[in-house]
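Everything below belongs to final_7.csv, which stores CSV, C-alpha atoms.
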```
chain,number,residue,atom,x,y,z
A,323,MET,CA,14.9,-63.5,21.4
A,324,ASN,CA,14.1,-60.0,22.6
A,325,LEU,CA,13.9,-57.7,19.6
A,326,GLU,CA,13.2,-54.5,21.4
A,327,GLU,CA,15.0,-51.3,20.3
A,328,LYS,CA,15.5,-49.1,23.4
A,329,THR,CA,15.2,-45.4,23.0
A,330,LYS,CA,18.4,-43.5,23.8
A,331,HIS,CA,17.4,-40.1,22.6
A,332,THR,CA,14.6,-38.5,20.6
A,333,THR,CA,15.1,-35.5,18.4
A,334,SER,CA,11.9,-33.7,17.3
A,335,ILE,CA,12.4,-32.6,13.7
A,336,TYR,CA,9.0,-31.2,12.9
A,337,GLU,CA,5.6,-30.6,14.6
A,338,GLY,CA,2.9,-30.0,12.1
A,339,LYS,CA,-0.9,-29.8,11.6
A,340,ILE,CA,-1.4,-33.6,11.0
A,341,ILE,CA,1.9,-35.2,11.5
A,342,ASP,CA,5.1,-34.8,13.6
A,343,LEU,CA,8.5,-36.2,12.8
A,344,ASP,CA,11.0,-37.6,15.3
A,345,VAL,CA,14.4,-39.1,14.8
A,346,VAL,CA,15.1,-41.7,17.5
A,347,ASP,CA,18.5,-42.9,18.5
A,348,VAL,CA,18.0,-46.6,19.5
A,349,GLU,CA,20.0,-49.4,21.0
A,350,LEU,CA,19.6,-52.4,18.7
A,351,PRO,CA,19.1,-55.9,20.1
A,352,ASP,CA,22.8,-56.7,19.7
A,353,GLY,CA,23.8,-53.5,21.7
A,354,ARG,CA,24.9,-51.5,18.7
A,355,ALA,CA,23.5,-48.0,18.0
A,356,GLY,CA,20.8,-47.3,15.3
A,357,LYS,CA,18.6,-44.5,14.1
A,358,ARG,CA,14.8,-44.7,13.3
A,359,GLU,CA,12.7,-42.1,11.6
A,360,VAL,CA,9.3,-42.0,13.1
A,361,VAL,CA,6.2,-40.1,11.8
A,362,ARG,CA,3.7,-39.5,14.6
A,363,HIS,CA,0.1,-39.4,13.5
A,364,PRO,CA,-3.1,-39.2,15.7
A,365,GLY,CA,-4.6,-42.2,14.0
A,366,ALA,CA,-7.6,-42.4,11.8
A,367,VAL,CA,-11.0,-44.0,11.3
A,368,ALA,CA,-12.4,-45.3,8.0
A,369,ILE,CA,-15.9,-46.3,7.3
A,370,ILE,CA,-17.5,-49.0,5.2
A,371,ALA,CA,-20.9,-47.7,4.3
A,372,VAL,CA,-23.2,-49.8,2.2
A,373,THR,CA,-26.5,-48.3,1.1
A,374,GLU,CA,-29.9,-50.0,1.0
A,375,GLU,CA,-29.3,-50.5,-2.7
A,376,GLU,CA,-26.2,-52.5,-1.8
A,377,LYS,CA,-23.8,-49.7,-3.1
A,378,LEU,CA,-20.6,-48.9,-1.4
A,379,VAL,CA,-20.2,-45.2,-0.6
A,380,LEU,CA,-16.8,-43.8,-1.9
A,381,VAL,CA,-15.3,-40.3,-1.9
A,382,LYS,CA,-13.2,-39.0,-4.7
A,383,GLN,CA,-10.4,-36.8,-3.4
A,384,TYR,CA,-7.2,-35.3,-4.8
A,385,ARG,CA,-4.3,-36.6,-2.7
A,386,LYS,CA,-1.4,-34.2,-2.8
A,387,PRO,CA,1.2,-36.8,-1.9
A,388,LEU,CA,0.2,-38.9,-4.9
A,389,GLY,CA,-0.5,-36.0,-7.2
A,390,LYS,CA,-3.8,-37.5,-8.4
A,391,GLU,CA,-7.4,-38.2,-7.5
A,392,ILE,CA,-8.4,-41.6,-6.1
A,393,TYR,CA,-11.6,-43.1,-4.8
A,394,GLU,CA,-11.5,-44.0,-1.1
A,395,ILE,CA,-13.9,-45.1,1.6
A,396,PRO,CA,-14.7,-42.1,3.9
A,397,ALA,CA,-12.1,-41.5,6.6
A,398,GLY,CA,-10.8,-38.9,8.9
A,399,LYS,CA,-8.2,-38.5,11.6
A,400,LYS,CA,-9.0,-39.1,15.2
A,401,GLU,CA,-9.7,-36.0,17.4
A,402,ALA,CA,-8.4,-35.7,20.9
A,403,GLY,CA,-11.3,-36.0,23.3
A,404,GLU,CA,-13.7,-37.5,20.8
A,405,GLU,CA,-14.6,-41.2,20.8
A,406,PRO,CA,-13.4,-42.9,17.6
A,407,LYS,CA,-16.9,-44.2,17.0
A,408,LEU,CA,-18.3,-40.7,17.0
A,409,THR,CA,-15.5,-39.5,14.8
A,410,ALA,CA,-16.5,-42.2,12.3
A,411,SER,CA,-20.1,-41.1,12.4
A,412,ARG,CA,-19.2,-37.4,12.1
A,413,GLU,CA,-16.7,-37.9,9.2
A,414,LEU,CA,-19.2,-40.1,7.3
A,415,ALA,CA,-21.9,-37.5,7.7
A,416,GLU,CA,-19.6,-34.5,6.8
A,417,GLU,CA,-18.1,-36.1,3.7
A,418,THR,CA,-21.1,-38.0,2.3
A,419,GLY,CA,-24.3,-36.8,4.0
A,420,TYR,CA,-25.1,-40.3,5.2
A,421,VAL,CA,-26.1,-40.7,8.9
A,422,ALA,CA,-25.5,-44.1,10.5
A,423,ASN,CA,-27.6,-45.6,13.2
A,424,GLU,CA,-24.7,-47.6,14.5
A,425,MET,CA,-21.0,-47.9,13.9
A,426,GLU,CA,-19.3,-51.3,14.5
A,427,LEU,CA,-15.5,-51.7,14.8
A,428,LEU,CA,-14.4,-54.4,12.4
A,429,PHE,CA,-10.6,-54.3,12.9
A,430,SER,CA,-7.6,-51.9,13.0
A,431,THR,CA,-4.4,-51.9,11.1
A,432,TYR,CA,-1.1,-49.9,11.1
A,433,THR,CA,-0.6,-48.4,7.7
A,434,SER,CA,3.2,-48.1,7.5
A,435,PRO,CA,4.8,-49.7,10.6
A,436,GLY,CA,8.3,-49.2,9.3
A,437,PHE,CA,8.2,-45.4,9.6
A,438,ALA,CA,4.8,-44.3,11.0
A,439,ASP,CA,2.5,-45.0,14.0
A,440,GLU,CA,-0.7,-44.3,12.2
A,441,LEU,CA,-3.4,-46.8,13.2
A,442,ILE,CA,-6.6,-47.0,11.1
A,443,GLU,CA,-9.7,-48.3,12.7
A,444,LEU,CA,-12.1,-49.7,10.2
A,445,TYR,CA,-15.8,-49.3,11.0
A,446,GLU,CA,-19.0,-50.7,9.4
A,447,ALA,CA,-21.8,-48.2,9.2
A,448,LYS,CA,-25.3,-49.7,9.9
A,449,GLY,CA,-28.7,-48.3,9.2
A,450,LEU,CA,-27.8,-45.4,6.8
A,451,SER,CA,-30.2,-42.5,6.2
A,452,GLN,CA,-29.7,-39.3,4.2
A,453,GLY,CA,-28.5,-36.2,6.0
A,454,GLU,CA,-26.6,-33.2,4.9
A,455,ARG,CA,-22.9,-32.8,4.0
A,456,SER,CA,-20.7,-30.2,5.7
A,457,LEU,CA,-17.0,-30.4,4.6
A,458,ASP,CA,-14.0,-28.9,6.3
A,459,GLU,CA,-12.9,-25.7,4.7
A,460,ASP,CA,-9.9,-27.4,3.0
A,461,GLU,CA,-11.7,-30.6,1.9
A,462,PHE,CA,-12.9,-31.0,-1.6
A,463,VAL,CA,-14.7,-34.3,-2.1
A,464,GLU,CA,-17.1,-35.9,-4.5
A,465,VAL,CA,-19.3,-38.8,-3.5
A,466,ILE,CA,-19.9,-41.9,-5.7
A,467,GLU,CA,-21.8,-45.1,-5.0
A,468,VAL,CA,-20.7,-48.3,-6.6
A,469,SER,CA,-21.5,-52.0,-6.5
A,470,LEU,CA,-19.0,-54.5,-5.1
A,471,ALA,CA,-18.1,-55.7,-8.6
A,472,GLU,CA,-17.6,-52.0,-9.7
A,473,ALA,CA,-15.4,-51.4,-6.7
A,474,GLU,CA,-13.3,-54.4,-7.8
A,475,GLY,CA,-13.1,-53.0,-11.3
A,476,LEU,CA,-11.9,-49.7,-9.8
A,477,ILE,CA,-9.1,-51.5,-8.0
A,478,LYS,CA,-8.0,-53.1,-11.4
A,479,GLU,CA,-8.0,-49.7,-13.0
A,480,GLY,CA,-5.9,-48.1,-10.2
A,481,LEU,CA,-8.7,-45.6,-9.3
A,482,ILE,CA,-9.1,-47.4,-5.9
A,483,HIS,CA,-5.4,-47.4,-5.0
A,484,ASP,CA,-5.1,-47.2,-1.2
A,485,ALA,CA,-4.7,-49.9,1.4
A,486,LYS,CA,-7.8,-49.2,3.6
A,487,THR,CA,-10.2,-49.2,0.6
A,488,VAL,CA,-8.8,-52.4,-0.8
A,489,LEU,CA,-9.0,-53.9,2.7
A,490,ALA,CA,-12.7,-52.8,2.8
A,491,VAL,CA,-13.5,-54.2,-0.7
A,492,GLN,CA,-11.8,-57.5,0.2
A,493,HIS,CA,-13.7,-57.6,3.5
A,494,LEU,CA,-17.1,-57.1,1.7
A,495,ARG,CA,-16.2,-59.8,-0.9
A,496,LEU,CA,-15.4,-62.2,1.9
A,497,GLN,CA,-18.8,-61.5,3.5
A,498,THR,CA,-20.5,-62.7,0.3
A,499,PHE,CA,-19.0,-66.1,0.8
A,500,ARG,CA,-20.1,-66.4,4.4
B,943,MET,CA,-15.0,-30.8,-10.9
B,944,ASN,CA,-11.3,-30.4,-11.0
B,945,LEU,CA,-10.0,-31.2,-7.5
B,946,GLU,CA,-6.3,-30.6,-8.2
B,947,GLU,CA,-4.2,-28.8,-5.6
B,948,LYS,CA,-1.5,-26.8,-7.5
B,949,THR,CA,1.9,-26.6,-5.9
B,950,LYS,CA,2.9,-23.0,-5.1
B,951,HIS,CA,6.0,-23.7,-3.1
B,952,THR,CA,7.7,-26.7,-1.5
B,953,THR,CA,9.8,-26.5,1.7
B,954,SER,CA,12.1,-29.4,2.4
B,955,ILE,CA,12.0,-30.0,6.2
B,956,TYR,CA,14.0,-33.2,6.4
B,957,GLU,CA,16.0,-35.6,4.2
B,958,GLY,CA,16.6,-38.9,5.9
B,959,LYS,CA,17.7,-42.4,5.4
B,960,ILE,CA,14.3,-43.8,4.5
B,961,ILE,CA,12.0,-40.9,4.3
B,962,ASP,CA,12.0,-37.2,3.4
B,963,LEU,CA,9.5,-34.6,4.7
B,964,ASP,CA,8.2,-31.7,2.6
B,965,VAL,CA,5.6,-29.0,3.5
B,966,VAL,CA,3.9,-27.9,0.3
B,967,ASP,CA,2.0,-24.7,-0.1
B,968,VAL,CA,-0.9,-25.4,-2.5
B,969,GLU,CA,-3.7,-23.6,-4.2
B,970,LEU,CA,-6.9,-25.3,-3.3
B,971,PRO,CA,-9.6,-26.0,-6.0
B,972,ASP,CA,-11.5,-22.8,-4.9
B,973,GLY,CA,-8.4,-20.6,-5.3
B,974,ARG,CA,-7.6,-20.3,-1.6
B,975,ALA,CA,-4.2,-21.2,-0.1
B,976,GLY,CA,-3.6,-24.4,1.8
B,977,LYS,CA,-0.7,-26.4,3.3
B,978,ARG,CA,0.0,-30.2,2.9
B,979,GLU,CA,2.6,-32.2,4.8
B,980,VAL,CA,4.0,-34.8,2.5
B,981,VAL,CA,6.3,-37.7,3.5
B,982,ARG,CA,8.3,-39.0,0.6
B,983,HIS,CA,9.2,-42.7,0.6
B,984,PRO,CA,10.9,-44.7,-2.2
B,985,GLY,CA,8.1,-47.3,-2.1
B,986,ALA,CA,8.2,-50.9,-1.0
B,987,VAL,CA,7.7,-54.5,-2.1
B,988,ALA,CA,5.9,-57.1,0.1
B,989,ILE,CA,5.8,-60.8,-0.6
B,990,ILE,CA,3.2,-63.5,-0.1
B,991,ALA,CA,5.2,-66.7,0.2
B,992,VAL,CA,3.3,-69.9,0.8
B,993,THR,CA,5.4,-73.1,1.4
B,994,GLU,CA,4.7,-76.6,-0.1
B,995,GLU,CA,3.1,-77.4,3.3
B,996,GLU,CA,0.6,-74.5,2.6
B,997,LYS,CA,2.1,-72.4,5.3
B,998,LEU,CA,2.4,-68.6,5.0
B,999,VAL,CA,5.9,-67.3,5.7
B,1000,LEU,CA,5.9,-64.4,8.2
B,1001,VAL,CA,8.6,-62.4,9.9
B,1002,LYS,CA,8.5,-61.2,13.5
B,1003,GLN,CA,10.0,-57.7,13.8
B,1004,TYR,CA,10.2,-55.0,16.4
B,1005,ARG,CA,8.7,-51.8,14.9
B,1006,LYS,CA,10.0,-48.7,16.7
B,1007,PRO,CA,7.1,-46.5,15.6
B,1008,LEU,CA,4.6,-48.9,17.3
B,1009,GLY,CA,6.9,-49.8,20.2
B,1010,LYS,CA,6.1,-53.5,19.8
B,1011,GLU,CA,6.8,-56.7,17.8
B,1012,ILE,CA,4.4,-57.7,15.1
B,1013,TYR,CA,4.2,-60.5,12.5
B,1014,GLU,CA,4.3,-59.3,8.9
B,1015,ILE,CA,4.8,-60.7,5.4
B,1016,PRO,CA,8.4,-60.1,4.3
B,1017,ALA,CA,8.9,-56.7,2.8
B,1018,GLY,CA,11.6,-54.1,2.0
B,1019,LYS,CA,12.0,-50.7,0.4
B,1020,LYS,CA,12.6,-50.3,-3.3
B,1021,GLU,CA,16.2,-49.6,-4.3
B,1022,ALA,CA,17.2,-47.2,-7.0
B,1023,GLY,CA,18.3,-49.1,-10.1
B,1024,GLU,CA,16.9,-52.4,-9.0
B,1025,GLU,CA,13.8,-53.9,-10.6
B,1026,PRO,CA,11.1,-54.3,-7.9
B,1027,LYS,CA,10.7,-57.9,-8.8
B,1028,LEU,CA,14.3,-58.5,-8.0
B,1029,THR,CA,14.0,-56.5,-4.8
B,1030,ALA,CA,11.1,-58.8,-3.8
B,1031,SER,CA,13.2,-61.9,-4.5
B,1032,ARG,CA,16.2,-60.5,-2.7
B,1033,GLU,CA,14.3,-59.3,0.4
B,1034,LEU,CA,12.5,-62.7,0.7
B,1035,ALA,CA,15.8,-64.6,0.5
B,1036,GLU,CA,17.6,-62.2,3.0
B,1037,GLU,CA,14.8,-62.2,5.6
B,1038,THR,CA,13.6,-65.8,5.4
B,1039,GLY,CA,16.1,-67.9,3.4
B,1040,TYR,CA,13.4,-68.8,0.9
B,1041,VAL,CA,14.3,-68.6,-2.8
B,1042,ALA,CA,11.5,-68.1,-5.3
B,1043,ASN,CA,11.4,-69.4,-8.8
B,1044,GLU,CA,9.1,-66.6,-9.9
B,1045,MET,CA,7.6,-63.4,-8.5
B,1046,GLU,CA,4.2,-62.4,-9.7
B,1047,LEU,CA,2.9,-58.8,-9.1
B,1048,LEU,CA,-0.7,-59.1,-7.6
B,1049,PHE,CA,-1.5,-55.4,-7.0
B,1050,SER,CA,-0.2,-52.2,-5.5
B,1051,THR,CA,-1.6,-49.9,-2.8
B,1052,TYR,CA,-0.7,-46.6,-1.3
B,1053,THR,CA,-0.4,-47.0,2.4
B,1054,SER,CA,-1.3,-43.5,3.7
B,1055,PRO,CA,-2.4,-41.3,0.8
B,1056,GLY,CA,-3.3,-38.4,3.2
B,1057,PHE,CA,0.3,-37.7,4.2
B,1058,ALA,CA,2.7,-40.1,2.4
B,1059,ASP,CA,3.5,-41.3,-1.2
B,1060,GLU,CA,4.6,-44.8,-0.1
B,1061,LEU,CA,3.3,-47.3,-2.6
B,1062,ILE,CA,3.6,-51.0,-1.7
B,1063,GLU,CA,3.7,-53.6,-4.5
B,1064,LEU,CA,2.4,-56.9,-3.4
B,1065,TYR,CA,4.0,-60.0,-5.0
B,1066,GLU,CA,3.2,-63.7,-4.9
B,1067,ALA,CA,6.4,-65.9,-4.6
B,1068,LYS,CA,6.1,-69.1,-6.6
B,1069,GLY,CA,8.2,-72.2,-6.5
B,1070,LEU,CA,9.9,-71.8,-3.1
B,1071,SER,CA,13.1,-73.6,-2.2
B,1072,GLN,CA,15.4,-73.2,0.9
B,1073,GLY,CA,18.4,-70.9,0.6
B,1074,GLU,CA,20.3,-69.0,3.2
B,1075,ARG,CA,19.4,-65.9,5.2
B,1076,SER,CA,21.5,-62.7,5.2
B,1077,LEU,CA,20.0,-59.8,7.1
B,1078,ASP,CA,21.0,-56.2,6.9
B,1079,GLU,CA,23.1,-55.1,9.8
B,1080,ASP,CA,20.2,-53.3,11.5
B,1081,GLU,CA,17.6,-55.9,10.8
B,1082,PHE,CA,16.6,-58.3,13.5
B,1083,VAL,CA,13.9,-60.7,12.3
B,1084,GLU,CA,12.5,-64.1,13.3
B,1085,VAL,CA,10.7,-66.3,10.8
B,1086,ILE,CA,7.5,-68.2,11.5
B,1087,GLU,CA,5.3,-70.2,9.2
B,1088,VAL,CA,1.5,-70.4,9.8
B,1089,SER,CA,-1.6,-71.8,8.2
B,1090,LEU,CA,-4.2,-69.5,6.8
B,1091,ALA,CA,-6.5,-70.2,9.7
B,1092,GLU,CA,-3.6,-69.4,12.1
B,1093,ALA,CA,-2.9,-66.2,10.3
B,1094,GLU,CA,-6.5,-65.2,10.7
B,1095,GLY,CA,-6.2,-66.0,14.4
B,1096,LEU,CA,-3.1,-63.7,14.6
B,1097,ILE,CA,-5.1,-60.8,13.2
B,1098,LYS,CA,-7.8,-61.3,15.9
B,1099,GLU,CA,-5.1,-61.3,18.5
B,1100,GLY,CA,-3.5,-58.1,17.1
B,1101,LEU,CA,-0.2,-59.9,16.4
B,1102,ILE,CA,-0.7,-59.4,12.7
B,1103,HIS,CA,-1.6,-55.7,12.8
B,1104,ASP,CA,-0.4,-54.0,9.6
B,1105,ALA,CA,-2.3,-53.3,6.5
B,1106,LYS,CA,-0.1,-55.1,4.0
B,1107,THR,CA,-0.3,-58.4,5.9
B,1108,VAL,CA,-4.0,-58.2,6.5
B,1109,LEU,CA,-4.3,-57.5,2.7
B,1110,ALA,CA,-2.3,-60.6,2.1
B,1111,VAL,CA,-4.3,-62.8,4.4
B,1112,GLN,CA,-7.6,-61.6,3.0
B,1113,HIS,CA,-6.2,-62.2,-0.5
B,1114,LEU,CA,-5.3,-65.8,0.4
B,1115,ARG,CA,-8.7,-66.4,2.0
B,1116,LEU,CA,-10.5,-65.1,-1.2
B,1117,GLN,CA,-8.4,-67.5,-3.3
B,1118,THR,CA,-9.8,-70.4,-1.3
B,1119,PHE,CA,-13.3,-69.5,-2.6
B,1120,ARG,CA,-12.2,-69.3,-6.3
```
Reformat the file's structure so that it appears as structure tokens.
Amino acid sequence: MNLEEKTKHTTSIYEGKIIDLDVVDVELPDGRAGKREVVRHPGAVAIIAVTEEEKLVLVKQYRKPLGKEIYEIPAGKKEAGEEPKLTASRELAEETGYVANEMELLFSTYTSPGFADELIELYEAKGLSQGERSLDEDEFVEVIEVSLAEAEGLIKEGLIHDAKTVLAVQHLRLQTFR
Amino acid sequence: MNLEEKTKHTTSIYEGKIIDLDVVDVELPDGRAGKREVVRHPGAVAIIAVTEEEKLVLVKQYRKPLGKEIYEIPAGKKEAGEEPKLTASRELAEETGYVANEMELLFSTYTSPGFADELIELYEAKGLSQGERSLDEDEFVEVIEVSLAEAEGLIKEGLIHDAKTVLAVQHLRLQTFR
């Protein structure tokens, strides 16, 4: 069965700093008309950084959509003309001060395929050394370092509460069995 | 350090079928002004359903934001006035025909905390039996059942490509070690 939904017309509702919003008139697989709301996002990179002391590097950030602070792995949106691997290295350094020798792409996932095209690439930072932080002017971020067991505790408490960070913690726990 | 971003003014850009979009003028922690784009979403439930034959139930769906078909665990948005557990049972039955004896909440994660408030609650369906499918009029979904190893293969191929389904597969793999 062909499940494709053909675009009939796209209405641009909003073009913003980080996201755009389109409403797309589609032809459904049975020929009827439908409407899809689509948030366009440049995509993001997120970084699993584990220190020599086997601590996972997290950043504490206030997230306006949630109205609260959560602990996340370092991340940032992709920049046009910059290789994602470089974006990952740059964001890690800017947010945490850690410089990585190497960035390895682990996997990528769409965060909300029902309404957004945001794809997050998950990187593993290798060979960390200390550098200097330099945050964007509207970024306010605290750095903490936790053991894997502590990270799992933060998930239970709801302080780690976002998909990419839970994915990262699960990934690290799976590594301990391999 | 208090990282809160106080709302100064909210502009409603769009109110849609599934999402709304607001632009929020905020006061940053250092007192300066900032802007945040916030997608409002009612939240969603997603269901890990494993059959008696130890197969994970997936649905194949065309996702307009991605422009392609992917395999996901069954999911649906929360409905006002309906208990999320019931939404999970209902969505599982509608999309796959499976009826669950019991739904257990495993954990919840925000999908895109940088720009959206969508929270997904992940449920485990217990005691599956066969019922009848009844899709929404704009839903076109195929059901497949795969082993855990096959699901991991689908991740490698990019056919499972969304965060909630990778979370589910990693969760199931972690269970095999416990």
Sorted by chain and rising residue number, which residues of segment 1048-1092 of chain B lie within 10 Å of segment 387-402 of chain A, and what are their closest atom pairs and distances in Å to one decimal, counting all atoms listed in the file, as CSV?
```
residue,atom,partner,partner_atom,distance
B:Tyr1052,CA,A:Leu388,CA,8.5
B:Ser1054,CA,A:Pro387,CA,9.1
B:Pro1055,CA,A:Pro387,CA,6.4
B:Gly1056,CA,A:Pro387,CA,7.0
B:Phe1057,CA,A:Pro387,CA,6.2
B:Ala1058,CA,A:Pro387,CA,5.6
B:Asp1059,CA,A:Pro387,CA,5.1
B:Glu1060,CA,A:Leu388,CA,8.8
B:Leu1061,CA,A:Leu388,CA,9.2
```
Sorted per-residue table, chain B near chain A, closest atoms and distance, 8 Å, only C-alpha atoms, as a tab-separated table:
```
residue	atom	partner	partner_atom	distance
B:Leu945	CA	A:Tyr384	CA	5.7
B:Glu946	CA	A:Tyr384	CA	5.9
B:Glu947	CA	A:Lys386	CA	6.7
B:Ile955	CA	A:Tyr336	CA	7.4
B:Tyr956	CA	A:Ile335	CA	7.5
B:Gly958	CA	A:Glu359	CA	7.6
B:Lys959	CA	A:Glu359	CA	8.0
B:Ile960	CA	A:Glu359	CA	7.5
B:Ile961	CA	A:Glu359	CA	7.4
B:Leu970	CA	A:Asp460	CA	7.3
B:Pro971	CA	A:Phe462	CA	7.4
B:Gly976	CA	A:Asp460	CA	7.1
B:Arg978	CA	A:Lys386	CA	7.1
B:Glu979	CA	A:Ile341	CA	7.4
B:Val980	CA	A:Pro387	CA	5.6
B:Val981	CA	A:Pro387	CA	7.5
B:Arg982	CA	A:Pro387	CA	7.8
B:Gln1003	CA	A:Leu325	CA	7.0
B:Tyr1004	CA	A:Leu325	CA	5.6
B:Arg1005	CA	A:Pro435	CA	6.2
B:Lys1006	CA	A:Glu327	CA	6.7
B:Pro1007	CA	A:Asp439	CA	5.1
B:Leu1008	CA	A:Asp439	CA	5.5
B:Gly1009	CA	A:Glu326	CA	8.0
B:Lys1010	CA	A:Glu326	CA	7.3
B:Glu1011	CA	A:Leu325	CA	7.4
B:Ser1050	CA	A:His483	CA	7.1
B:Thr1051	CA	A:Asp484	CA	4.7
B:Tyr1052	CA	A:Asp484	CA	4.4
B:Thr1053	CA	A:Ala485	CA	5.3
B:Ser1054	CA	A:Thr433	CA	6.4
B:Pro1055	CA	A:Arg385	CA	6.2
B:Gly1056	CA	A:Arg385	CA	6.2
B:Phe1057	CA	A:Pro387	CA	6.2
B:Ala1058	CA	A:Pro387	CA	5.6
B:Asp1059	CA	A:Pro387	CA	5.1
B:Asp1080	CA	A:Gly356	CA	7.1
B:Phe1082	CA	A:Leu325	CA	6.7
B:Val1083	CA	A:Leu325	CA	7.9
B:His1103	CA	A:Thr431	CA	5.0
B:Asp1104	CA	A:Tyr432	CA	4.4
B:Ala1105	CA	A:Thr431	CA	5.2
B:Lys1106	CA	A:Ala485	CA	7.4
B:Val1108	CA	A:Leu489	CA	7.6
B:Leu1109	CA	A:Leu489	CA	5.9
B:Gln1112	CA	A:Gln492	CA	6.5
B:His1113	CA	A:Gln492	CA	7.3
B:Arg1115	CA	A:Leu496	CA	7.9
B:Leu1116	CA	A:Leu496	CA	6.5
B:Phe1119	CA	A:Phe499	CA	7.5
```
Taking all atoms listed in the file into account, which of A:Leu428, A:Leu378, A:Val468, A:Ala447 comes nearest Glu413 of chain A?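 Residue with the minimum atom-to-atom distance to Glu413 of chain A: A:Ala447.
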Find the residues with any atom within 6 Å of (7.1, -66.4, 11.4); use all atoms listed in the file and the coordinates as given in the file, and write the answer as a list in words. Val999, Leu1000, Val1001, Lys1002, Val1085, Ile1086 and Glu1087 of chain B
For atom CA of Ser456 of chain A and atom CA of Leu444 of chain A, quote the distance in Å rounded to one decimal. 21.8 Å
What lies within 8 Å of Ser1031 of chain B using all atoms listed in the file, ignoring chain neighbours under 3 positions off, as a PyMOL selection string? chain B and resi 1027-1028+1034-1035+1041-1042+1045+1067
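What separates atom CA of Glu1094 of chain B from atom CA of Ala991 of chain B is a distance of 15.8 Å.
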